[in-house]
file structure26.txt (compact mmCIF, C-alpha atoms)
# COMPACT_ATOMS: atom_id res chain seq x y z
CA MET A 1 -18.71 -41.02 -70.35
CA ILE A 2 -21.92 -40.91 -68.30
CA GLU A 3 -21.14 -44.31 -66.80
CA LEU A 4 -17.63 -43.17 -65.94
CA LEU A 5 -18.87 -40.01 -64.21
CA GLN A 6 -21.48 -41.99 -62.27
CA GLU A 7 -18.80 -44.47 -61.22
CA SER A 8 -16.69 -41.57 -59.97
CA ILE A 9 -19.58 -40.38 -57.80
CA ASN A 10 -20.27 -43.91 -56.53
CA ILE A 11 -16.64 -44.44 -55.52
CA HIS A 12 -16.55 -41.04 -53.83
CA ASN A 13 -19.68 -41.93 -51.84
CA LYS A 14 -18.11 -45.26 -50.89
CA LEU A 15 -15.02 -43.42 -49.63
CA LEU A 16 -17.18 -41.11 -47.53
CA GLU A 17 -19.02 -44.10 -46.08
CA ILE A 18 -15.74 -45.83 -45.17
CA GLU A 19 -14.41 -42.62 -43.61
CA ASP A 20 -17.57 -42.37 -41.48
CA LYS A 21 -17.13 -45.95 -40.28
CA ILE A 22 -13.48 -45.30 -39.40
CA GLU A 23 -14.46 -42.13 -37.56
CA THR A 24 -17.07 -44.09 -35.59
CA LEU A 25 -14.46 -46.66 -34.58
CA ASP A 26 -12.04 -43.88 -33.65
CA LYS A 27 -14.57 -42.56 -31.14
CA PHE A 28 -13.57 -45.51 -28.99
CA ASN A 29 -10.20 -43.73 -28.60
CA ILE A 30 -8.34 -46.97 -29.00
CA SER A 31 -4.87 -46.95 -30.43
CA LYS A 32 -2.40 -49.72 -30.95
CA SER A 33 -0.24 -48.29 -28.18
CA ASN A 34 -3.16 -48.49 -25.73
CA TYR A 35 -3.92 -51.99 -26.90
CA SER A 36 -0.35 -53.17 -26.40
CA ASN A 37 -0.56 -52.22 -22.71
CA ILE A 38 -3.55 -54.48 -22.10
CA LYS A 39 -2.94 -58.03 -20.99
CA VAL A 40 -4.42 -60.43 -23.48
CA SER A 41 -5.86 -63.71 -22.36
CA PRO A 42 -8.46 -66.02 -23.87
CA THR A 43 -10.94 -65.13 -21.14
CA ASN A 44 -10.40 -61.36 -21.32
CA LYS A 45 -13.56 -60.25 -23.15
CA HIS A 46 -12.53 -56.59 -23.01
CA SER A 47 -9.28 -57.15 -24.89
CA SER A 48 -11.09 -59.35 -27.40
CA SER A 49 -13.54 -56.55 -28.27
CA ILE A 50 -10.65 -54.09 -28.57
CA GLU A 51 -8.90 -56.51 -30.88
CA ASP A 52 -12.07 -56.81 -32.98
CA ILE A 53 -12.30 -53.02 -33.27
CA LEU A 54 -8.67 -52.75 -34.35
CA ILE A 55 -9.07 -55.51 -36.91
CA LYS A 56 -12.21 -53.86 -38.30
CA ARG A 57 -10.40 -50.50 -38.50
CA GLU A 58 -7.51 -52.06 -40.43
CA GLU A 59 -9.97 -53.72 -42.82
CA LEU A 60 -11.69 -50.37 -43.38
CA GLN A 61 -8.35 -48.67 -43.99
CA SER A 62 -7.51 -51.29 -46.63
CA GLN A 63 -10.90 -50.75 -48.29
CA TRP A 64 -10.31 -46.99 -48.24
CA VAL A 65 -6.90 -47.34 -49.91
CA LYS A 66 -8.35 -49.59 -52.63
CA ALA A 67 -11.28 -47.23 -53.24
CA SER A 68 -8.90 -44.25 -53.36
CA CYS A 69 -6.83 -46.00 -56.03
CA ASP A 70 -10.00 -46.79 -57.99
CA GLU A 71 -11.07 -43.15 -57.70
CA LEU A 72 -7.71 -41.97 -59.00
CA LYS A 73 -7.94 -44.33 -61.99
CA ILE A 74 -11.43 -43.04 -62.79
CA HIS A 75 -10.24 -39.43 -62.55
CA MET A 76 -7.39 -40.20 -64.93
CA GLU A 77 -9.84 -41.77 -67.38
CA ILE A 78 -12.14 -38.75 -67.11
CA GLU A 79 -9.18 -36.48 -67.87
CA LYS A 80 -8.34 -38.56 -70.96
CA GLN A 81 -11.90 -38.14 -72.20
CA LEU A 82 -11.98 -34.38 -71.58
CA ASP A 83 -10.35 -33.74 -74.92
CA THR A 84 -9.78 -30.46 -76.72
CA ASP A 85 -13.22 -30.64 -78.37
CA LEU A 86 -14.58 -29.10 -75.19
CA ASP A 87 -14.38 -25.44 -74.25
CA PRO A 88 -12.25 -24.66 -71.19
CA ILE A 89 -15.41 -23.82 -69.19
CA GLU A 90 -16.97 -27.17 -70.14
CA ARG A 91 -13.86 -29.04 -68.96
CA LEU A 92 -13.82 -26.99 -65.76
CA ILE A 93 -17.46 -27.73 -65.00
CA ILE A 94 -17.01 -31.47 -65.52
CA ARG A 95 -13.88 -31.48 -63.34
CA LEU A 96 -15.49 -29.50 -60.53
CA ARG A 97 -18.63 -31.61 -60.57
CA TYR A 98 -17.23 -35.12 -61.07
CA THR A 99 -13.70 -35.04 -59.69
CA SER A 100 -13.95 -32.34 -57.02
CA TYR A 101 -17.56 -33.31 -56.20
CA LEU A 102 -18.78 -29.74 -55.81
CA SER A 103 -22.48 -28.95 -55.79
CA TRP A 104 -24.02 -26.89 -58.58
CA LYS A 105 -24.26 -23.98 -56.11
CA GLU A 106 -20.54 -24.22 -55.27
CA ILE A 107 -19.62 -24.38 -58.96
CA SER A 108 -21.89 -21.39 -59.60
CA ASN A 109 -20.05 -19.41 -56.93
CA LYS A 110 -16.68 -20.30 -58.48
CA THR A 111 -17.59 -19.66 -62.12
CA GLY A 112 -20.24 -16.95 -61.99
CA TYR A 113 -22.65 -19.05 -64.07
CA SER A 114 -26.14 -19.73 -62.74
CA THR A 115 -26.87 -23.27 -61.62
CA ARG A 116 -29.33 -23.62 -64.49
CA GLN A 117 -26.65 -22.58 -67.04
CA LEU A 118 -24.20 -25.03 -65.48
CA GLN A 119 -26.70 -27.87 -65.73
CA ARG A 120 -27.38 -27.04 -69.37
CA ILE A 121 -23.64 -27.01 -70.15
CA ASN A 122 -23.23 -30.31 -68.28
CA LYS A 123 -26.07 -31.93 -70.22
CA SER A 124 -24.67 -30.60 -73.49
CA VAL A 125 -21.23 -32.07 -72.76
CA LEU A 126 -22.70 -35.44 -71.79
CA ASP A 127 -24.91 -35.50 -74.89
CA ILE A 128 -21.90 -34.72 -77.11
CA LYS A 129 -19.82 -37.44 -75.45
CA GLU A 130 -22.60 -40.01 -75.82
CA ALA A 131 -23.12 -39.08 -79.49
CA ASN A 132 -19.40 -39.53 -80.19
CA LYS A 133 -19.35 -42.95 -78.55

call {"tool": "encode", "arguments": {"input": "structure26.txt", "output": "structure tokens"}}
result
Amino acid sequence: MIELLQESINIHNKLLEIEDKIETLDKFNISKSNYSNIKVSPTNKHSSSIEDILIKREELQSQWVKASCDELKIHMEIEKQLDTDLDPIERLIIRLRYTSYLSWKEISNKTGYSTRQLQRINKSVLDIKEANK
């Protein structure tokens, strides 16, 4: 279970990284419609760099879609492992932390538990899951 939760966080971080790269490329304000209005020739260095940017953006979008699918699969696996042996609050904490990616402070605000209590509950759940492995 711990490996699965860590993988969820890793994929989420990868998605954020890809989104940042796409956002950086989008700052060039280049769209396919703008690109189609530019004359393309082998010696036109400007159009070549635009083409490179568009190709890179499409590659990043493909990576984002794949990572999103991987994230969804991980979330489904986490849900399968959050069986009825856990209290509703334990399931909620795991979901908020590892599938909604909230901080302990945000979870504390939502649940009314202190961050220390939340961390203890989290550790308890992970210890139980590892013991039942």

call {"tool": "residues_around", "arguments": {"input": "structure26.txt", "residues": "A:Lys80", "least_positions_apart": "6", "cutoff": "12 Å", "atoms": "all atoms listed in the file", "output": "list in words"}}
result
Met1, Leu4, Lys73, Ile74, Arg91 and Arg95 of chain A

call {"tool": "closest_residue", "arguments": {"input": "structure26.txt", "among": "A:Gln61, A:Ser68, A:Ser49, A:Asn122", "to": "A:Asn13", "atoms": "all atoms listed in the file"}}
result
A:Ser68

call {"tool": "closest_residue", "arguments": {"input": "structure26.txt", "among": "A:Leu5, A:Ile53, A:Glu90, A:Glu17", "to": "A:Ile121", "atoms": "all atoms listed in the file"}}
result
A:Glu90

call {"tool": "closest_residue", "arguments": {"input": "structure26.txt", "among": "A:Thr115, A:Asp83, A:Lys110, A:Glu58", "to": "A:Leu96", "atoms": "only C-alpha atoms"}}
result
A:Lys110

call {"tool": "closest_residue", "arguments": {"input": "structure26.txt", "among": "A:Lys129, A:Leu102, A:Ala67, A:Gln119", "to": "A:Leu16", "atoms": "all atoms listed in the file"}}
result
A:Ala67

call {"tool": "residues_around", "arguments": {"input": "structure26.txt", "residues": "A:Ile89", "least_positions_apart": "4", "cutoff": "9 Å", "atoms": "all atoms listed in the file", "output": "ChimeraX atom specification"}}
result
/A:93-94,111,121

call {"tool": "closest_residue", "arguments": {"input": "structure26.txt", "among": "A:Leu72, A:Ile18, A:Val125, A:Ile2", "to": "A:Pro88", "atoms": "all atoms listed in the file"}}
result
A:Val125

call {"tool": "build_atoms", "arguments": {"input": "structure26.txt", "residues": "stretch 7-18 of chain A", "atoms": "all heavy atoms", "output": "short mmCIF file (atom, residue, chain, number, x, y, z; two decimals), in the coordinates of the input"}}
result
data_model
loop_
_atom_site.label_atom_id
_atom_site.label_comp_id
_atom_site.auth_asym_id
_atom_site.auth_seq_id
_atom_site.Cartn_x
_atom_site.Cartn_y
_atom_site.Cartn_z
N GLU A 7 -19.71 -43.62 -61.99
CA GLU A 7 -18.80 -44.47 -61.22
C GLU A 7 -17.92 -43.64 -60.30
O GLU A 7 -17.66 -44.00 -59.16
CB GLU A 7 -17.95 -45.32 -62.16
CG GLU A 7 -17.17 -46.40 -61.45
CD GLU A 7 -16.44 -47.32 -62.41
OE1 GLU A 7 -16.67 -47.26 -63.63
OE2 GLU A 7 -15.63 -48.12 -61.93
N SER A 8 -17.49 -42.49 -60.79
CA SER A 8 -16.69 -41.57 -59.97
C SER A 8 -17.47 -41.14 -58.73
O SER A 8 -16.95 -41.15 -57.61
CB SER A 8 -16.28 -40.35 -60.79
OG SER A 8 -15.62 -39.40 -59.99
N ILE A 9 -18.73 -40.79 -58.92
CA ILE A 9 -19.58 -40.38 -57.80
C ILE A 9 -19.81 -41.54 -56.83
O ILE A 9 -19.73 -41.38 -55.62
CB ILE A 9 -20.92 -39.82 -58.32
CG1 ILE A 9 -20.68 -38.47 -59.01
CG2 ILE A 9 -21.93 -39.66 -57.19
CD1 ILE A 9 -21.86 -37.93 -59.77
N ASN A 10 -20.05 -42.73 -57.38
CA ASN A 10 -20.27 -43.91 -56.53
C ASN A 10 -19.05 -44.22 -55.67
O ASN A 10 -19.18 -44.51 -54.48
CB ASN A 10 -20.64 -45.13 -57.38
CG ASN A 10 -21.99 -45.00 -58.03
OD1 ASN A 10 -22.82 -44.17 -57.64
ND2 ASN A 10 -22.23 -45.81 -59.06
N ILE A 11 -17.87 -44.17 -56.27
CA ILE A 11 -16.64 -44.44 -55.52
C ILE A 11 -16.43 -43.37 -54.46
O ILE A 11 -16.05 -43.67 -53.33
CB ILE A 11 -15.43 -44.56 -56.46
CG1 ILE A 11 -15.54 -45.84 -57.28
CG2 ILE A 11 -14.12 -44.55 -55.66
CD1 ILE A 11 -14.49 -46.00 -58.35
N HIS A 12 -16.70 -42.13 -54.81
CA HIS A 12 -16.55 -41.04 -53.83
C HIS A 12 -17.49 -41.26 -52.64
O HIS A 12 -17.08 -41.12 -51.49
CB HIS A 12 -16.82 -39.69 -54.49
CG HIS A 12 -16.69 -38.55 -53.56
ND1 HIS A 12 -15.47 -38.14 -53.06
CD2 HIS A 12 -17.61 -37.73 -53.00
CE1 HIS A 12 -15.66 -37.12 -52.24
NE2 HIS A 12 -16.95 -36.85 -52.19
N ASN A 13 -18.72 -41.65 -52.91
CA ASN A 13 -19.68 -41.93 -51.84
C ASN A 13 -19.23 -43.11 -50.98
O ASN A 13 -19.39 -43.11 -49.76
CB ASN A 13 -21.08 -42.17 -52.40
CG ASN A 13 -21.70 -40.90 -52.94
OD1 ASN A 13 -21.34 -39.80 -52.55
ND2 ASN A 13 -22.63 -41.05 -53.86
N LYS A 14 -18.64 -44.11 -51.63
CA LYS A 14 -18.11 -45.26 -50.89
C LYS A 14 -16.98 -44.82 -49.96
O LYS A 14 -16.90 -45.25 -48.81
CB LYS A 14 -17.62 -46.33 -51.87
CG LYS A 14 -17.06 -47.56 -51.22
CD LYS A 14 -16.60 -48.57 -52.25
CE LYS A 14 -16.03 -49.80 -51.60
NZ LYS A 14 -15.59 -50.80 -52.60
N LEU A 15 -16.11 -43.94 -50.47
CA LEU A 15 -15.02 -43.42 -49.63
C LEU A 15 -15.57 -42.67 -48.42
O LEU A 15 -15.06 -42.84 -47.30
CB LEU A 15 -14.11 -42.48 -50.45
CG LEU A 15 -13.09 -43.16 -51.35
CD1 LEU A 15 -12.49 -42.16 -52.31
CD2 LEU A 15 -12.02 -43.83 -50.53
N LEU A 16 -16.58 -41.85 -48.63
CA LEU A 16 -17.18 -41.11 -47.53
C LEU A 16 -17.79 -42.05 -46.50
O LEU A 16 -17.65 -41.84 -45.28
CB LEU A 16 -18.24 -40.13 -48.05
CG LEU A 16 -17.74 -38.97 -48.90
CD1 LEU A 16 -18.92 -38.17 -49.43
CD2 LEU A 16 -16.77 -38.10 -48.13
N GLU A 17 -18.41 -43.11 -46.98
CA GLU A 17 -19.02 -44.10 -46.08
C GLU A 17 -17.94 -44.81 -45.25
O GLU A 17 -18.09 -44.99 -44.04
CB GLU A 17 -19.78 -45.12 -46.92
CG GLU A 17 -20.50 -46.18 -46.13
CD GLU A 17 -21.21 -47.17 -47.05
OE1 GLU A 17 -21.89 -46.73 -48.00
OE2 GLU A 17 -21.06 -48.38 -46.82
N ILE A 18 -16.84 -45.18 -45.89
CA ILE A 18 -15.74 -45.83 -45.17
C ILE A 18 -15.14 -44.87 -44.15
O ILE A 18 -14.87 -45.26 -43.00
CB ILE A 18 -14.66 -46.34 -46.15
CG1 ILE A 18 -15.22 -47.48 -47.01
CG2 ILE A 18 -13.41 -46.79 -45.41
CD1 ILE A 18 -14.33 -47.87 -48.18
#
